[in-house]
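Okay, data_15.txt is below, compact mmCIF, C-alpha atoms:
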```
# COMPACT_ATOMS: atom_id res chain seq x y z
CA MET H 183 -35.45 -13.34 -3.99
CA ILE H 184 -38.69 -14.37 -2.35
CA GLU H 185 -39.19 -17.06 0.24
CA ASN H 186 -42.36 -18.93 -0.36
CA ALA H 187 -43.91 -21.73 1.65
CA PRO H 188 -47.21 -23.26 0.54
CA HIS H 189 -49.92 -23.03 3.19
CA GLU H 190 -51.30 -26.15 4.78
CA GLN H 191 -54.61 -25.72 2.94
CA GLU H 192 -52.77 -25.73 -0.40
CA GLN H 193 -51.62 -29.28 0.28
CA ASP H 194 -54.00 -32.07 -0.71
CA TYR H 195 -52.65 -34.37 1.96
CA PRO H 196 -51.28 -32.40 4.94
CA ASP H 197 -48.99 -35.25 5.97
CA ALA H 198 -47.40 -35.96 2.59
CA CYS H 199 -45.11 -34.47 -0.06
CA PHE H 200 -47.14 -31.62 -1.50
CA GLN H 201 -45.93 -32.38 -5.00
CA CYS H 202 -46.41 -36.16 -5.31
CA ASN H 203 -48.38 -36.88 -2.12
CA SER H 204 -45.77 -39.43 -1.08
CA PRO H 205 -45.78 -39.95 2.70
CA ASP H 206 -42.00 -40.18 2.50
CA TYR H 207 -41.34 -36.45 2.87
CA GLU H 208 -38.11 -35.07 4.37
CA PRO H 209 -38.56 -33.98 7.98
CA GLY H 210 -37.30 -30.68 9.40
CA TYR H 211 -38.26 -28.50 6.43
CA ALA H 212 -40.99 -25.86 6.39
CA VAL H 213 -42.28 -27.23 3.09
CA ARG H 214 -43.17 -30.90 2.96
CA LEU H 215 -41.33 -32.38 0.01
CA CYS H 216 -39.90 -35.82 -0.61
CA LYS H 217 -36.20 -36.02 -1.51
CA THR H 218 -36.90 -36.63 -5.23
CA CYS H 219 -39.32 -33.71 -5.53
CA ARG H 220 -36.99 -31.36 -3.63
CA LYS H 221 -34.12 -32.30 -5.93
CA ARG H 222 -36.29 -31.89 -9.01
CA LEU H 223 -37.59 -28.49 -7.86
CA SER H 224 -34.11 -27.28 -6.91
CA ARG H 225 -33.12 -27.98 -10.54
CA TYR H 226 -35.60 -25.47 -11.86
CA PRO H 227 -35.07 -25.43 -15.63
CA LEU H 228 -33.49 -22.44 -17.31
CA LYS H 229 -35.70 -20.84 -19.94
CA LYS H 230 -34.69 -21.42 -23.56
CA ASN H 231 -34.11 -17.71 -24.29
CA ILE H 232 -31.84 -17.43 -21.22
CA VAL H 233 -29.78 -20.42 -22.41
CA LEU H 234 -29.58 -18.97 -25.94
CA GLY H 235 -28.52 -15.59 -24.52
CA ALA H 236 -25.85 -17.24 -22.39
CA VAL H 237 -24.56 -19.23 -25.39
CA GLY H 238 -24.43 -16.04 -27.48
CA LEU H 239 -22.57 -14.19 -24.76
CA GLY H 240 -20.26 -17.19 -24.36
CA ILE H 241 -19.37 -17.09 -28.07
CA LEU H 242 -18.65 -13.36 -27.91
CA PHE H 243 -16.60 -13.93 -24.76
CA ALA H 244 -14.61 -16.75 -26.40
CA PHE H 245 -13.85 -14.49 -29.38
CA SER H 246 -12.90 -11.63 -27.07
CA LEU H 247 -10.64 -13.97 -25.08
CA TYR H 248 -9.02 -15.27 -28.29
CA ARG H 249 -7.94 -11.73 -29.24
CA PHE H 250 -6.93 -10.95 -25.69
CA LYS H 251 -3.57 -12.81 -25.84
CA ASP H 252 -1.94 -10.15 -28.02
CA TYR H 253 -3.72 -7.32 -26.22
CA TYR H 254 -2.45 -8.65 -22.90
CA LYS H 255 1.18 -8.72 -24.06
CA ALA H 256 0.84 -5.26 -25.60
CA ALA H 257 -0.85 -3.79 -22.52
CA ILE H 258 1.78 -5.21 -20.15
CA SER H 259 4.48 -3.88 -22.47
CA TYR H 260 2.76 -0.48 -22.66
CA GLU H 261 2.43 -0.16 -18.89
CA LYS H 262 6.06 -1.22 -18.47
CA GLY H 263 7.13 1.24 -21.15
CA ILE H 264 5.31 4.08 -19.40
CA SER H 265 6.87 3.05 -16.11
CA TYR H 266 10.38 2.88 -17.66
CA ALA H 267 9.90 6.31 -19.23
CA ASP H 268 8.70 7.75 -15.89
CA ASN H 269 11.83 6.29 -14.25
CA ARG H 270 13.97 7.72 -17.09
CA ASP H 271 15.07 4.29 -18.31
CA PHE H 272 14.58 5.22 -21.94
CA VAL H 273 16.44 2.28 -23.56
CA SER H 274 14.03 -0.17 -21.89
CA ALA H 275 11.12 2.14 -22.73
CA GLU H 276 12.17 2.21 -26.40
CA LYS H 277 12.26 -1.60 -26.50
CA ALA H 278 8.78 -1.82 -24.88
CA PHE H 279 7.16 0.67 -27.28
CA LYS H 280 8.80 -0.96 -30.33
CA TYR H 281 7.31 -4.29 -29.22
CA ILE H 282 3.81 -2.75 -29.15
CA LEU H 283 4.33 -1.17 -32.56
CA ASP H 284 5.33 -4.58 -33.94
CA LEU H 285 1.90 -5.87 -32.83
CA TYR H 286 -0.10 -2.70 -33.58
CA PRO H 287 1.85 -0.52 -36.06
CA GLN H 288 -0.77 2.25 -35.90
CA HIS H 289 -0.78 2.65 -32.10
CA GLU H 290 -0.29 6.40 -31.80
CA ALA H 291 0.42 6.68 -28.07
CA SER H 292 3.27 4.18 -28.45
CA LYS H 293 4.62 6.14 -31.42
CA VAL H 294 4.60 9.35 -29.39
CA HIS H 295 6.30 7.71 -26.40
CA LEU H 296 8.81 6.05 -28.76
CA LEU H 297 9.60 9.48 -30.21
CA THR H 298 10.44 10.70 -26.69
CA ALA H 299 12.49 7.57 -25.93
CA CYS H 300 14.48 7.89 -29.17
CA TYR H 301 15.16 11.55 -28.48
CA TYR H 302 16.45 10.79 -24.98
CA ASN H 303 18.47 7.83 -26.32
CA ASN H 304 20.24 10.23 -28.70
CA LYS H 305 18.78 8.65 -31.83
CA PRO H 306 17.83 11.78 -33.77
CA GLY H 307 17.39 9.94 -37.09
CA GLU H 308 14.83 7.53 -35.66
CA ALA H 309 13.08 10.32 -33.75
CA LEU H 310 12.81 12.36 -36.93
CA ALA H 311 11.35 9.40 -38.87
CA ILE H 312 8.74 8.80 -36.13
CA GLY H 313 7.87 12.51 -36.11
CA GLU H 314 7.30 12.43 -39.88
CA ASP H 315 5.18 9.28 -39.55
CA LEU H 316 3.06 10.95 -36.86
CA ASP H 317 2.47 13.95 -39.10
CA LYS H 318 1.04 11.74 -41.85
CA ASN H 319 -2.02 11.07 -39.70
CA PRO H 320 -1.92 13.65 -36.90
CA SER H 321 -4.92 12.41 -34.89
CA TYR H 322 -2.70 12.43 -31.77
CA ARG H 323 -3.27 16.21 -31.77
CA TYR H 324 -6.78 15.60 -30.40
CA LYS H 325 -5.27 14.01 -27.29
CA ASP H 326 -3.83 16.81 -25.18
CA ALA H 327 -1.21 14.78 -23.33
CA LEU H 328 0.19 13.24 -26.53
CA ALA H 329 0.15 16.55 -28.40
CA GLU H 330 1.98 18.19 -25.49
CA GLU H 331 4.59 15.41 -25.43
CA VAL H 332 5.28 15.78 -29.16
CA ALA H 333 5.46 19.58 -28.84
CA THR H 334 7.98 19.29 -25.97
CA ILE H 335 10.26 16.98 -27.97
CA ARG H 336 9.97 19.24 -31.03
CA ASP H 337 10.92 22.28 -28.91
CA LEU H 338 13.99 20.46 -27.57
CA TRP H 339 14.86 19.35 -31.09
CA ALA H 340 14.54 22.93 -32.37
CA LYS H 341 16.82 24.14 -29.57
CA ASN H 342 19.42 21.56 -30.64
CA GLN H 343 19.16 22.74 -34.23
CA GLN H 344 19.69 26.36 -33.18
CA GLN H 345 22.90 25.33 -31.38
CA ASN H 346 24.31 23.37 -34.33
CA GLU H 347 26.55 26.21 -35.47
CA ASP H 348 28.12 26.65 -32.02
CA LEU H 349 28.48 22.89 -31.69
CA THR H 350 30.37 22.69 -34.99
CA THR H 351 32.69 25.51 -33.84
CA ALA H 352 33.30 23.73 -30.52
CA SER H 353 34.10 20.48 -32.38
CA ILE H 354 36.69 22.36 -34.47
CA TYR H 355 38.23 23.83 -31.29
CA LEU H 356 38.41 20.36 -29.77
CA ARG H 357 39.95 18.88 -32.96
CA ASP H 358 42.54 21.67 -32.96
CA ASN H 359 43.26 20.97 -29.30
CA ARG H 360 42.03 24.47 -28.25
CA LEU H 361 40.62 22.88 -25.12
CA GLN H 362 39.84 26.00 -23.07
CA GLU H 363 37.85 27.60 -25.87
CA ALA H 364 36.03 24.33 -26.59
CA ASP H 365 35.33 23.84 -22.87
CA SER H 366 33.89 27.33 -22.53
CA LEU H 367 31.68 27.11 -25.64
CA LEU H 368 30.43 23.58 -24.86
CA ASN H 369 29.64 24.61 -21.29
CA LYS H 370 27.53 27.45 -22.66
CA ILE H 371 25.64 25.12 -25.01
CA ALA H 372 25.10 22.42 -22.37
CA ARG H 373 23.85 24.92 -19.80
CA ALA H 374 21.40 26.46 -22.27
CA ASN H 375 20.14 23.02 -23.33
CA PRO H 376 21.01 20.10 -21.03
CA THR H 377 19.44 17.59 -23.47
CA ASN H 378 21.88 18.45 -26.23
CA TRP H 379 23.62 15.12 -25.80
CA GLU H 380 26.28 15.77 -28.43
CA ALA H 381 27.36 18.96 -26.64
CA SER H 382 27.43 17.28 -23.23
CA LEU H 383 29.42 14.29 -24.55
CA LEU H 384 31.93 16.58 -26.26
CA LEU H 385 32.18 18.62 -23.08
CA SER H 386 32.94 15.50 -21.04
CA ARG H 387 35.60 14.40 -23.55
CA CYS H 388 37.09 17.89 -23.51
CA LEU H 389 37.22 17.97 -19.70
CA ARG H 390 38.76 14.49 -19.71
CA GLN H 391 41.48 15.72 -22.00
CA GLU H 392 42.02 18.68 -19.65
CA LYS H 393 42.26 16.11 -16.82
CA LYS H 394 39.29 17.75 -15.07
CA TYR H 395 37.92 14.34 -14.17
CA ALA H 396 35.55 15.42 -11.39
CA GLU H 397 33.89 17.97 -13.65
CA ALA H 398 33.69 15.45 -16.52
CA LEU H 399 32.09 12.92 -14.20
CA SER H 400 29.60 15.54 -13.09
CA VAL H 401 28.67 16.20 -16.76
CA CYS H 402 28.15 12.46 -17.31
CA ASN H 403 26.02 12.16 -14.18
CA HIS H 404 24.00 15.16 -15.28
CA MET H 405 23.28 13.47 -18.64
CA LEU H 406 22.42 10.23 -16.86
CA SER H 407 19.98 12.10 -14.61
CA TYR H 408 17.89 12.71 -17.76
CA ASN H 409 18.26 9.17 -19.04
CA HIS H 410 19.69 6.56 -16.69
CA GLN H 411 20.46 4.29 -19.64
CA LEU H 412 21.90 6.75 -22.18
CA PRO H 413 24.49 4.43 -23.80
CA ALA H 414 27.01 7.12 -24.85
CA ALA H 415 26.95 8.70 -21.38
CA LEU H 416 27.41 5.31 -19.70
CA ALA H 417 30.34 4.54 -22.01
CA GLU H 418 31.93 7.94 -21.33
CA LYS H 419 31.45 7.46 -17.58
CA ALA H 420 33.08 4.02 -17.78
CA ILE H 421 36.09 5.48 -19.61
CA LEU H 422 36.34 8.24 -17.00
CA LEU H 423 36.17 5.88 -14.05
CA LYS H 424 38.78 3.62 -15.65
CA THR H 425 41.04 6.63 -16.27
CA VAL H 426 40.67 7.88 -12.69
CA LYS H 427 41.54 4.44 -11.29
CA MET S 98 -30.37 17.24 -14.95
CA ILE S 99 -32.26 14.38 -16.59
CA ILE S 100 -33.46 11.74 -14.13
CA VAL S 101 -33.93 8.34 -15.74
CA PRO S 102 -36.63 6.30 -13.95
CA GLY S 103 -35.32 3.14 -12.28
CA ILE S 104 -37.32 0.81 -14.47
CA TYR S 105 -35.65 2.17 -17.61
CA ILE S 106 -32.23 1.75 -15.99
CA MET S 107 -33.27 -1.84 -15.26
CA LEU S 108 -34.34 -2.27 -18.89
CA ILE S 109 -31.06 -0.87 -20.22
CA THR S 110 -29.03 -3.07 -17.88
CA PHE S 111 -31.31 -6.13 -17.96
CA PRO S 112 -28.46 -8.66 -18.45
CA GLY S 113 -27.41 -7.80 -14.89
CA VAL S 114 -30.90 -8.53 -13.53
CA VAL S 115 -30.96 -11.88 -15.34
CA VAL S 116 -27.54 -12.87 -13.95
CA HIS S 117 -28.58 -11.67 -10.45
CA GLU S 118 -31.61 -13.98 -10.45
CA PHE S 119 -29.59 -16.77 -12.02
CA ALA S 120 -27.08 -16.48 -9.15
CA HIS S 121 -29.89 -16.91 -6.57
CA GLN S 122 -31.12 -19.90 -8.57
CA LEU S 123 -27.62 -21.39 -8.84
CA PHE S 124 -27.06 -21.30 -5.07
CA CYS S 125 -30.54 -22.79 -4.49
CA ARG S 126 -29.55 -25.61 -6.81
CA ILE S 127 -26.17 -26.09 -5.10
CA PHE S 128 -27.82 -26.36 -1.68
CA GLY S 129 -30.82 -28.39 -2.91
CA VAL S 130 -33.42 -25.74 -2.05
CA ALA S 131 -36.73 -26.19 -3.89
CA ILE S 132 -37.55 -23.38 -6.31
CA PHE S 133 -41.19 -22.63 -7.15
CA GLU S 134 -40.79 -19.82 -9.64
CA VAL S 135 -38.07 -17.76 -11.31
CA LYS S 136 -38.71 -14.44 -13.04
CA TYR S 137 -35.50 -13.43 -14.77
CA PHE S 138 -36.76 -10.03 -15.89
CA GLN S 139 -39.99 -8.10 -15.93
CA MET S 140 -40.91 -4.44 -16.40
CA ALA S 141 -42.18 -4.14 -12.83
CA ASN S 142 -40.93 -3.88 -9.30
CA PRO S 143 -39.13 -6.16 -8.52
CA ALA S 144 -37.50 -6.53 -11.92
CA GLY S 145 -36.77 -10.17 -11.17
CA TYR S 146 -37.20 -12.72 -8.40
CA VAL S 147 -36.63 -16.31 -7.37
CA SER S 148 -39.36 -17.85 -5.25
CA HIS S 149 -38.02 -20.73 -3.14
CA GLU S 150 -38.86 -22.69 -0.04
CA PRO S 151 -37.59 -21.47 3.38
CA VAL S 152 -34.13 -22.95 3.85
CA HIS S 153 -33.18 -25.61 6.36
CA ASN S 154 -29.63 -24.35 7.02
CA PRO S 155 -29.06 -20.63 7.74
CA VAL S 156 -25.61 -20.72 6.09
CA HIS S 157 -27.34 -21.77 2.85
CA GLN S 158 -29.65 -18.75 3.19
CA LEU S 159 -26.66 -16.46 3.55
CA PHE S 160 -25.06 -17.84 0.39
CA ILE S 161 -28.31 -17.75 -1.59
CA CYS S 162 -28.73 -14.07 -0.67
CA ILE S 163 -25.17 -12.90 -1.29
CA GLY S 164 -24.71 -15.23 -4.28
CA PRO S 165 -25.41 -12.47 -6.84
CA PHE S 166 -22.73 -10.29 -5.28
CA LEU S 167 -20.13 -13.02 -5.84
CA ILE S 168 -21.37 -14.32 -9.20
CA ASN S 169 -22.20 -10.93 -10.78
CA THR S 170 -18.91 -9.40 -9.67
CA LEU S 171 -16.74 -12.30 -10.88
CA LEU S 172 -18.65 -12.78 -14.13
CA ALA S 173 -18.61 -9.03 -14.88
CA LEU S 174 -14.88 -8.85 -14.27
CA ALA S 175 -14.24 -11.90 -16.46
CA ILE S 176 -16.38 -10.52 -19.31
CA ALA S 177 -15.10 -6.95 -19.12
CA PHE S 178 -11.41 -7.71 -18.55
CA PRO S 179 -10.41 -8.75 -22.10
CA ALA S 180 -12.33 -5.75 -23.48
CA ALA S 181 -11.24 -3.12 -20.95
CA VAL S 182 -7.54 -3.71 -21.63
CA PRO S 183 -7.58 -2.67 -25.33
CA VAL S 184 -10.09 0.14 -24.70
CA PHE S 185 -8.67 1.77 -21.59
CA ILE S 186 -4.96 0.94 -21.80
CA LEU S 187 -4.24 0.77 -25.51
CA GLY S 188 -7.09 2.95 -26.84
CA GLU S 189 -7.59 0.29 -29.53
CA GLY S 190 -11.11 -0.96 -28.74
CA ASN S 191 -13.54 -2.09 -31.42
CA PHE S 192 -17.32 -2.67 -31.46
CA LEU S 193 -17.05 -6.11 -29.82
CA ASP S 194 -15.02 -4.65 -26.96
CA PHE S 195 -17.69 -2.03 -26.28
CA VAL S 196 -20.42 -4.70 -26.37
CA MET S 197 -18.48 -6.78 -23.84
CA LEU S 198 -17.93 -3.71 -21.66
CA TYR S 199 -21.68 -3.06 -21.72
CA PHE S 200 -22.38 -6.61 -20.56
CA GLY S 201 -19.67 -6.42 -17.90
CA PHE S 202 -20.91 -3.08 -16.63
CA SER S 203 -24.59 -4.05 -16.52
CA ILE S 204 -23.83 -7.35 -14.78
CA ALA S 205 -21.60 -5.69 -12.16
CA MET S 206 -24.18 -2.95 -11.60
CA HIS S 207 -26.70 -5.53 -10.36
CA ALA S 208 -24.29 -7.30 -8.02
CA PHE S 209 -25.69 -5.75 -4.84
CA PRO S 210 -28.20 -7.92 -2.99
CA SER S 211 -31.58 -6.22 -2.58
CA ILE S 212 -33.23 -5.04 0.63
CA ALA S 213 -35.58 -8.04 0.29
CA ASP S 214 -32.48 -10.26 0.39
CA ALA S 215 -31.24 -8.48 3.51
CA LYS S 216 -34.63 -8.92 5.23
CA ILE S 217 -34.65 -12.64 4.49
CA ILE S 218 -31.09 -13.05 5.81
CA TRP S 219 -32.08 -11.19 8.96
CA GLU S 220 -35.24 -13.23 9.51
CA THR S 221 -33.61 -16.57 8.78
CA VAL S 222 -30.17 -16.11 10.28
CA TRP S 223 -30.56 -13.57 13.09
CA ASN S 224 -34.00 -14.75 14.22
CA GLY S 225 -33.31 -18.41 13.42
CA GLU S 226 -33.48 -20.82 16.35
CA ASN S 227 -30.59 -23.06 15.26
CA THR S 228 -28.23 -20.31 14.11
CA PRO S 229 -24.77 -20.48 15.70
CA LEU S 230 -23.51 -17.30 17.36
CA TRP S 231 -20.62 -16.79 14.89
CA LEU S 232 -23.07 -16.75 12.01
CA LYS S 233 -25.30 -14.23 13.77
CA VAL S 234 -22.25 -12.00 14.37
CA LEU S 235 -21.20 -12.37 10.72
CA THR S 236 -24.71 -11.54 9.56
CA VAL S 237 -24.83 -8.09 11.19
CA PRO S 238 -22.15 -6.42 9.03
CA ILE S 239 -23.38 -8.23 5.91
CA VAL S 240 -26.94 -6.98 6.40
CA ALA S 241 -25.63 -3.50 7.28
CA LEU S 242 -23.54 -3.47 4.07
CA ILE S 243 -26.52 -4.59 2.00
CA TYR S 244 -28.64 -1.75 3.46
CA LEU S 245 -25.78 0.71 2.86
CA GLY S 246 -25.44 -0.54 -0.71
CA ALA S 247 -29.20 -0.19 -1.24
CA ALA S 248 -29.14 3.34 0.21
CA GLY S 249 -26.08 4.20 -1.89
CA SER S 250 -27.84 2.92 -5.00
CA MET S 251 -30.20 5.89 -4.68
CA PHE S 252 -27.08 7.97 -5.33
CA MET S 253 -25.89 5.73 -8.16
CA LEU S 254 -23.53 3.66 -6.00
CA ASN S 255 -24.47 0.58 -8.05
CA LEU S 256 -23.56 2.50 -11.21
CA LEU S 257 -20.19 3.46 -9.73
CA TYR S 258 -19.63 -0.13 -8.60
CA GLY S 259 -20.43 -1.38 -12.12
CA MET S 260 -17.98 1.09 -13.63
CA GLY S 261 -15.34 0.26 -11.04
CA ILE S 262 -15.54 -3.50 -11.67
CA ALA S 263 -15.91 -3.38 -15.45
CA PHE S 264 -13.70 -0.40 -16.33
CA GLY S 265 -11.43 0.42 -13.38
CA LEU S 266 -10.43 -2.92 -11.89
CA PRO S 267 -9.05 -4.45 -15.14
CA VAL S 268 -6.81 -1.40 -15.58
CA LEU S 269 -5.61 -1.62 -11.97
CA ILE S 270 -4.94 -5.37 -12.33
CA MET S 271 -2.92 -4.75 -15.51
CA LYS S 272 -0.91 -2.00 -13.82
CA PHE S 273 -0.21 -4.35 -10.92
CA LEU S 274 0.82 -7.18 -13.27
CA ALA S 275 3.05 -4.86 -15.29
CA HIS S 276 4.74 -3.76 -12.08
CA TYR S 277 5.33 -7.20 -10.58
CA TYR S 278 5.35 -9.51 -13.62
```
Represent the supplied structure as C-alpha cells.
Amino acid sequence: MIENAPHEQEQDYPDACFQCNSPDYEPGYAVRLCKTCRKRLSRYPLKKNIVLGAVGLGILFAFSLYRFKDYYKAAISYEKGISYADNRDFVSAEKAFKYILDLYPQHEASKVHLLTACYYNNKPGEALAIGEDLDKNPSYRYKDALAEEVATIRDLWAKNQQQNEDLTTASIYLRDNRLQEADSLLNKIARANPTNWEASLLLSRCLRQEKKYAEALSVCNHMLSYNHQLPAALAEKAILLKTVK
Amino acid sequence: MIIVPGIYIMLITFPGVVVHEFAHQLFCRIFGVAIFEVKYFQMANPAGYVSHEPVHNPVHQLFICIGPFLINTLLALAIAFPAAVPVFILGEGNFLDFVMLYFGFSIAMHAFPSIADAKIIWETVWNGENTPLWLKVLTVPIVALIYLGAAGSMFMLNLLYGMGIAFGLPVLIMKFLAHYY
C-alpha cells in the first residue's frame, strides 16, 4: 500500500479539485478533491481479469460447498467415533463408523476402526466380514497406524481361536454343573486373554452359580473396563446386581 | 537445501497477493479514500500495491493497513475449510479439494501486512496531530506485530501461517465441533 498525494504543481488550479477543477473541494484533506471525484476515485474499478478470476473461484467454492454437507456430517461422525473408541465406548463408536461407511462405503480408516469396535462389542461374525473386505483391497497396509490396528485385532482374534478348545471344555464343565473345574479353567483363559469375552461371560455366570457374587462383579467390571458399553457384560452385571439385592 | 527466491514464491502464491491488494482497495472504498492506482500483481518488488490519498481519519488508516490480515485470513479459511475436512480428516480429497487448498493456503500466506503498511500506520497514527491517545496506544502493538510478522516471514512464518489457517484450523474447528456438538 502506498500513500500518494499529488504535488501542488501537478494541480492545474491550486485552489480547486485536482480532477475536475471544481472550486467545491472538500476541506481538511491533503489532496484537494470534490466529494463526487473522491467517491468516484474511491470506487476504483476492478480489472476484468480479476473479476473473472473471482467468479471462477466463486464457482469452484460453490461446488466445494455443495459437496461439503455430506463431508461435514461424515467428519463430525468420524471425530466422534474416534473419541468414543478412545473412551472405550465401542457401541457408540460402531454406530458412528457405520454411518460414515453408509456415506462413503470405501472409507478404509472407518472400516479399520469398525473392525476394532465390532471385536470389542463381541461381534466376531461382523469383525470377520470386515477383515475379509479389508483384505480385498489392502491399501490400509501403507498407513502404519491402520495396519497396526488391524494386526492388533488379528492377534487378539488368533489368541481367542487358540483358546477355543479350552473354552468348549469349560462350557461342558459348566453344563455338567462341575463348577469348580469350569471356574478354574475359565479363570485361566480369561487371565491369559482378557478380551476373550465368551470366556469372561461364562466365568461370571459360573461364579454367580457358585454364589461368588463379588468375584463375578469384578469379572464384569474388568470386561467393562475394556468396553464400557459391552452389552453382554452390562446385562450380566445387571443380573448380578439384581441377585445381590 | 534449495532456496526459492521470494519473487517465485510470490508468483506461485499470486492469488494471495491479489486478495491482499484487493483488501486494501476494499477498505479504501468503505472509508471513501481516493485511489489513484492499483497493481494487483507484478513480477517486481513490491509484488502489488494500492496507491491512495493520505487519509483524513487515522482509524481509517489503521483499517486500510490491517485489512488484508482480516480479509485474507477469513477468505482463506472459508475457501480451505470445505476442502480441508475431506482431505485431512477423512483422507478422501479429490483434485478440486487440492485446488481449493492451494487457493486457501496462498491467500492466507499473504495475510500479513507489509513493512510499508506498518510505516504508514506509524506515520499517520502515531505522528498524527488529531490521533486520540487510545489509538496511539493500540497502534504500538499492532506495528510491533507487523514488524515481527515481517521478520518472521524471512523464516517462513507466512508459510506456516498459511498452512495453519488453511490446513490446521479447519481440523481443529471440526474436532471442537465434534466434541461440543
At a cut-off of 10 Å, list the chain H residues touching chain S, using only C-alpha atoms, as a PyMOL selection string.
chain H and resi 183-188+210-215+217+219-229+232+235-236+239-240+242-263+265+282+286+288-292
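Summary of the local environment: counting only C-alpha atoms, residues at most 8 Å from range 352-359 of chain H, other than itself and those fewer than 4 positions away along its chain, are Asp348, Glu363, Ala364, Asp365, Leu367, Leu368, Leu384 and Cys388 of chain H.
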Ser386 in chain H: which residues within 7 Å, counting only C-alpha atoms, same-chain residues fewer than 5 positions away excluded, as number ranges by chain?
H: 398, 401-402
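Interatomic distance, CA of Ala181 in chain S to CA of Glu330 in chain H: 25.5 Å.
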Residue contacts of Phe209 in chain S (9 Å, all atoms listed in the file) excluding same-chain residues fewer than 5 positions away, as JSON, numbers by chain:
{"S": [117, 163, 165, 166, 169, 243, 246, 247, 250, 255]}
Requested write-out: C-alpha atoms of the selected residues, as a PDB file, in the coordinates of the input:
```
ATOM      1  CA  HIS S 117     -28.580 -11.670 -10.450  1.00  0.00           C
ATOM      2  CA  ILE S 163     -25.170 -12.900  -1.290  1.00  0.00           C
ATOM      3  CA  PRO S 165     -25.410 -12.470  -6.840  1.00  0.00           C
ATOM      4  CA  PHE S 166     -22.730 -10.290  -5.280  1.00  0.00           C
ATOM      5  CA  ASN S 169     -22.200 -10.930 -10.780  1.00  0.00           C
ATOM      6  CA  ILE S 243     -26.520  -4.590   2.000  1.00  0.00           C
ATOM      7  CA  GLY S 246     -25.440  -0.540  -0.710  1.00  0.00           C
ATOM      8  CA  ALA S 247     -29.200  -0.190  -1.240  1.00  0.00           C
ATOM      9  CA  SER S 250     -27.840   2.920  -5.000  1.00  0.00           C
ATOM     10  CA  ASN S 255     -24.470   0.580  -8.050  1.00  0.00           C
TER      11      ASN S 255
END
```
Name the residues within 12 Å of (19.8, 11.3, -29.2), counting only C-alpha atoms in the file's coordinates, and put them as a ChimeraX atom specification.
/H:272-273,297-310,335,338-339,342,377-383,405,408-409,411-415
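The gap separating CA of Tyr266 in chain H from CA of Asn369 in chain H is 29.3 Å, in Å to one decimal.
Across the structure, CA of Ile109 in chain S and CA of Gly164 in chain S are spaced 22.4 Å apart.
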I'd like the box whose edges run along x, y and z of the file and which contains every listed atom of range 219-237 of chain S, padded by 6 Å per side; could you state its centre and edge lengths in Å, one decimal, as AutoDock Vina command-line options?
```
--center_x -27.9 --center_y -15.6 --center_z 13.1 --size_x 26.6 --size_y 27.0 --size_z 20.6
```
